[in-house]
Amino acid sequence: MFNLTKKQQLQESVTYLQANGITIPKIGIVLGTGLGKLVNEIHIEKEILYTDIPHFPKSTVSYHAGKLIYGTLCGKKIVVMHGHFHLYEGYSHWQVTYGIRVMHALGIENLFISNAAGAINLNFNKGDLMLLEDHLNLQGGSPLAFANVGEFGDQFTDMLSPYAPILNKKLKAIAQNNDVVLRTGVYAAVFGPQLETKAEYRMLQILEVDAVGMSTVPEVIVANHLRLPCAAISIITDTCDPKNLQAINIEEIISIVGDTEPKLIFLLKKIIESI
C-alpha cells in the first residue's frame with residue numbers, strides 16, 4: 001500500500017475541511033479537559049467530528065468532545081479543537097500536534113490553548129487561572145524529531161519565548177483591568193496518564209515548576225516551529241502538596257473547571273476582540 005508523506009496527509013485533511021466550509025479562520029483555539037462552554041458563545045457554521053477528517057486522530061478521553069468547530073466569535077472567524085490529543089492515549093508526537101498543523105494550514109494567525117493542571121506552587125488555589133510564561137518538557141520526546149522536519153520549518157526551533165510576549169502582555173492587562181486574578185508561571189508537561197508520586201512532586205518543586213499537566217507543550221513547540229504566535233492558560237484544579245497528598249477526584253476536577261471556565265471565556269473573548 002502506498003504510504004502518504006506527512007505533507008500529503010496534511011493536504012488531504014485541509015482539502016477536506018475547506019470543501020466542508022472551513023475556509024478562512026484567523027484564530028485557533030484548543031479546549032482542554034472539561035472546557036466546553038466557550039462553544040455556546042460561538043456563532044457556529046460547521047461542526048466536524050475528528051473521526052470524519054482524513055488522517056485526524058480520534059479523541060479517546062471521555063470528557064473531550066472530539067470535534068472541530070468553525071464559526072464566528074467576537075466578530076472573528078475561529079476554528080476550535082474541542083479536545084486535546086495526548087501522548088498517554090498512545091499517539092505519536094506527530095499525531096498529538098496534527099491539529100495545530102492543520103489549523104495553521106487553514107490560515108490561523110494566533111493560537112490559544114487551555115488546559116486543566118495541578119498546582120505545584122502551593123500559593124496557588126483550586127480554581128485559579130495561570131498564564132503560562134514558560135515550560136518544562138518532561139514527556140521524553142519532541143514533536144520535531146522526525147525525518148524531513150525542515151520541510152515544515154526550522155529544524156532547530158528557537159524556544160526563547162515559547163509563549164508570545166505580545167499576547168501574554170494583552171492577557172495580563174485585560175485581567176488587571178477587569179479584576180480577574182491571573183497567575184503566571186512555569187508549566188511542566190509529563191507523560192501520564194498516571195498521576196505523580198510524592199517524590200515526583202518534590203522533584204517538580206525543586207525544579208521551580210508552578211503547575212503540572214499532560215498536554216499543551218507539544219502543541220506549543222509546534223506553534224513555535226510554524227512561527228505561530230500562541231498563548232496558553234491553565235485552570236488549577238488541584239493542589240499537589242507532597243506533604244499532604246490526596247487521592248485524585250475527577251468529579252471534583254470537572255466541577256472546578258466548570259466553576260472557573262466563565263473567567264477563562266471572558267479573557268479569551270476580550271483578547272480575541274483586541275486582535
# chains A, B, ... in the order shown; residues from 1 in each chain; ligands from 1

call {"tool": "select_by_dssp", "arguments": {"residues": "range 34-264 of chain A", "states": "strand (DSSP E or B)", "output": "VMD selection string"}}
result
chain A and resid 43 to 49 67 to 73 76 to 82 110 to 119 129 to 138 182 to 190 211 to 213 230 to 239

call {"tool": "residues_around", "arguments": {"residues": "range 42-52 of chain A", "least_positions_apart": "6", "cutoff": "8 Å", "atoms": "only C-alpha atoms", "output": "list of chain:residue names"}}
result
A:Asn20, A:Gly21, A:Ile22, A:Lys58, A:Ser59, A:Gly66, A:Lys67, A:Leu68, A:Ile69, A:Tyr70, A:Gly71, A:Thr72, A:Leu73

call {"tool": "atom_distance", "arguments": {"atom1": "CA of Ile174 in chain A", "atom2": "CA of Ala232 in chain A"}}
result
14.7 Å

call {"tool": "select_by_dssp", "arguments": {"residues": "range 31-275 of chain A", "states": "alpha helix (DSSP H)", "output": "PyMOL selection string"}}
result
chain A and resi 93-96+98-106+165-177+198-206+217-225+250-274

call {"tool": "residues_around", "arguments": {"residues": "Asn110 in chain A", "least_positions_apart": "2", "cutoff": "7 Å", "atoms": "only C-alpha atoms", "output": "compact mmCIF listing (two decimals) with C-alpha atoms, in the first residue's frame"}}
result
# COMPACT_ATOMS: atom_id res chain seq x y z
CA LYS A 26 -7.87 33.65 11.72
CA ILE A 27 -7.75 32.33 15.28
CA GLY A 28 -7.32 28.79 16.53
CA ILE A 108 -4.91 30.82 11.59
CA PHE A 112 -4.88 29.92 22.22
CA LEU A 228 2.53 30.86 15.01
CA PRO A 229 2.02 33.19 18.00
CA CYS A 230 0.39 31.32 20.88

call {"tool": "residues_around", "arguments": {"residues": "Gly118 in chain A", "least_positions_apart": "2", "cutoff": "6 Å", "atoms": "only C-alpha atoms", "output": "list of chain:residue names"}}
result
A:Ala211, A:Val212, A:Ile236, A:Thr237, A:Asp238, A:Thr239

call {"tool": "residues_around", "arguments": {"residues": "Asn148 in chain A", "least_positions_apart": "5", "cutoff": "10 Å", "atoms": "only C-alpha atoms", "output": "list of chain:residue names"}}
result
A:Lys6, A:Gly153, A:Gln155

call {"tool": "write_last_selection", "arguments": {"atoms": "C-alpha atoms", "output": "CSV table (one decimal), in the first residue's frame"}}
result
chain,number,residue,atom,x,y,z
A,6,LYS,CA,3.2,13.9,6.2
A,153,GLY,CA,10.1,25.0,9.5
A,155,GLN,CA,14.7,22.1,12.5

call {"tool": "residues_around", "arguments": {"residues": "range 262-272 of chain A", "least_positions_apart": "5", "cutoff": "9 Å", "atoms": "only C-alpha atoms", "output": "list of chain:residue names"}}
result
A:Ile27, A:Lys37, A:Leu38, A:Glu41, A:Leu73, A:Cys74, A:Gly75, A:Lys76, A:Phe112, A:Ser114, A:Leu129, A:Leu167, A:Lys170, A:Leu171, A:Ile174, A:Ala175, A:Val180, A:Ile233, A:Ile235

call {"tool": "closest_residue", "arguments": {"among": "A:Ala173, A:Glu251, A:Thr60, A:Ala147", "to": "Gly90 in chain A", "atoms": "only C-alpha atoms"}}
result
A:Thr60

call {"tool": "closest_residue", "arguments": {"among": "A:Ala188, A:Leu31, A:Met214, A:Cys240", "to": "Leu122 in chain A", "atoms": "only C-alpha atoms"}}
result
A:Cys240

call {"tool": "residues_around", "arguments": {"residues": "Val217 in chain A", "least_positions_apart": "2", "cutoff": "8 Å", "atoms": "only C-alpha atoms", "output": "list in words"}}
result
His135, Leu136, Asn137, Ala189, Ser215, Glu219, Val220 and Ile221 of chain A

call {"tool": "closest_residue", "arguments": {"among": "A:Ala116, A:Ala145, A:Leu160, A:Ile248", "to": "Met130 in chain A", "atoms": "only C-alpha atoms"}}
result
A:Ala116

call {"tool": "atom_distance", "arguments": {"atom1": "CA of Ser13 in chain A", "atom2": "CA of Val30 in chain A"}}
result
17.5 Å

call {"tool": "atom_distance", "arguments": {"atom1": "CA of Asp158 in chain A", "atom2": "CA of Leu144 in chain A"}}
result
11.9 Å

call {"tool": "decode", "arguments": {"residues": "range 82-184 of chain A", "atoms": "C-alpha atoms", "output": "compact mmCIF listing (two decimals), in the first residue's frame"}}
result
# COMPACT_ATOMS: atom_id res chain seq x y z
CA HIS A 82 -12.87 20.69 21.20
CA GLY A 83 -10.44 18.31 22.88
CA HIS A 84 -6.67 17.79 23.06
CA PHE A 85 -4.76 14.73 21.99
CA HIS A 86 -2.32 13.25 24.48
CA LEU A 87 0.74 11.05 24.33
CA TYR A 88 -0.83 8.86 27.02
CA GLU A 89 -3.58 7.91 24.56
CA GLY A 90 -0.94 6.02 22.60
CA TYR A 91 -0.46 8.64 19.92
CA SER A 92 2.84 9.78 18.44
CA HIS A 93 4.07 13.35 18.80
CA TRP A 94 3.07 13.91 15.16
CA GLN A 95 -0.49 12.82 15.88
CA VAL A 96 -0.74 14.81 19.12
CA THR A 97 0.18 18.01 17.28
CA TYR A 98 -1.55 17.22 13.98
CA GLY A 99 -4.47 19.55 14.70
CA ILE A 100 -2.15 22.51 15.20
CA ARG A 101 -0.54 21.94 11.82
CA VAL A 102 -3.96 21.57 10.18
CA MET A 103 -5.30 24.80 11.73
CA HIS A 104 -2.13 26.64 10.67
CA ALA A 105 -2.50 25.34 7.12
CA LEU A 106 -6.12 26.57 7.14
CA GLY A 107 -4.79 30.06 7.85
CA ILE A 108 -4.91 30.82 11.59
CA GLU A 109 -2.63 33.65 12.72
CA ASN A 110 -2.91 33.24 16.51
CA LEU A 111 -3.39 30.20 18.73
CA PHE A 112 -4.88 29.92 22.22
CA ILE A 113 -4.68 26.75 24.32
CA SER A 114 -6.43 25.88 27.57
CA ASN A 115 -5.87 23.00 29.95
CA ALA A 116 -6.50 21.76 33.46
CA ALA A 117 -3.44 21.49 35.69
CA GLY A 118 -2.34 20.68 39.22
CA ALA A 119 -0.66 23.34 41.35
CA ILE A 120 2.93 22.67 42.35
CA ASN A 121 3.19 26.24 43.61
CA LEU A 122 1.35 25.94 46.92
CA ASN A 123 0.48 29.64 46.84
CA PHE A 124 -1.99 28.79 44.10
CA ASN A 125 -5.56 27.76 44.88
CA LYS A 126 -8.08 25.48 43.22
CA GLY A 127 -9.97 27.49 40.64
CA ASP A 128 -7.11 29.90 39.88
CA LEU A 129 -6.14 30.73 36.32
CA MET A 130 -2.46 30.55 35.38
CA LEU A 131 -1.00 32.16 32.28
CA LEU A 132 1.90 30.06 31.02
CA GLU A 133 5.12 32.05 30.71
CA ASP A 134 7.49 29.12 30.22
CA HIS A 135 7.50 25.36 30.40
CA LEU A 136 9.45 22.18 31.04
CA ASN A 137 9.07 19.36 28.55
CA LEU A 138 9.22 16.21 30.69
CA GLN A 139 7.43 13.98 28.19
CA GLY A 140 10.56 12.29 26.88
CA GLY A 141 10.41 13.40 23.26
CA SER A 142 9.84 16.18 20.76
CA PRO A 143 7.18 16.74 18.08
CA LEU A 144 10.00 17.99 15.84
CA ALA A 145 12.02 14.77 15.98
CA PHE A 146 11.20 13.26 12.62
CA ALA A 147 12.81 12.99 9.19
CA ASN A 148 12.40 15.98 6.86
CA VAL A 149 11.09 18.22 9.64
CA GLY A 150 12.86 21.06 7.81
CA GLU A 151 10.13 20.93 5.18
CA PHE A 152 7.77 22.43 7.77
CA GLY A 153 10.06 24.97 9.47
CA ASP A 154 13.44 25.39 11.14
CA GLN A 155 14.73 22.09 12.50
CA PHE A 156 16.40 23.81 15.44
CA THR A 157 13.43 25.89 16.52
CA ASP A 158 14.16 28.73 18.92
CA MET A 159 12.23 28.45 22.19
CA LEU A 160 13.45 31.68 23.76
CA SER A 161 9.86 32.97 24.09
CA PRO A 162 7.56 29.97 23.52
CA TYR A 163 4.50 31.98 24.61
CA ALA A 164 4.07 35.11 22.51
CA PRO A 165 5.01 38.11 24.69
CA ILE A 166 2.53 40.38 22.91
CA LEU A 167 -0.39 38.01 23.62
CA ASN A 168 0.67 37.46 27.23
CA LYS A 169 1.01 41.18 27.79
CA LYS A 170 -2.52 41.74 26.46
CA LEU A 171 -3.96 38.95 28.61
CA LYS A 172 -2.32 40.34 31.75
CA ALA A 173 -3.67 43.83 31.01
CA ILE A 174 -7.18 42.51 30.33
CA ALA A 175 -7.15 40.57 33.60
CA GLN A 176 -5.85 43.51 35.61
CA ASN A 177 -8.32 45.97 34.09
CA ASN A 178 -11.25 43.66 34.82
CA ASP A 179 -10.28 42.43 38.30
CA VAL A 180 -9.64 38.88 37.12
CA VAL A 181 -6.94 37.10 39.12
CA LEU A 182 -4.47 35.70 36.60
CA ARG A 183 -1.47 33.90 38.00
CA THR A 184 1.66 33.44 35.91
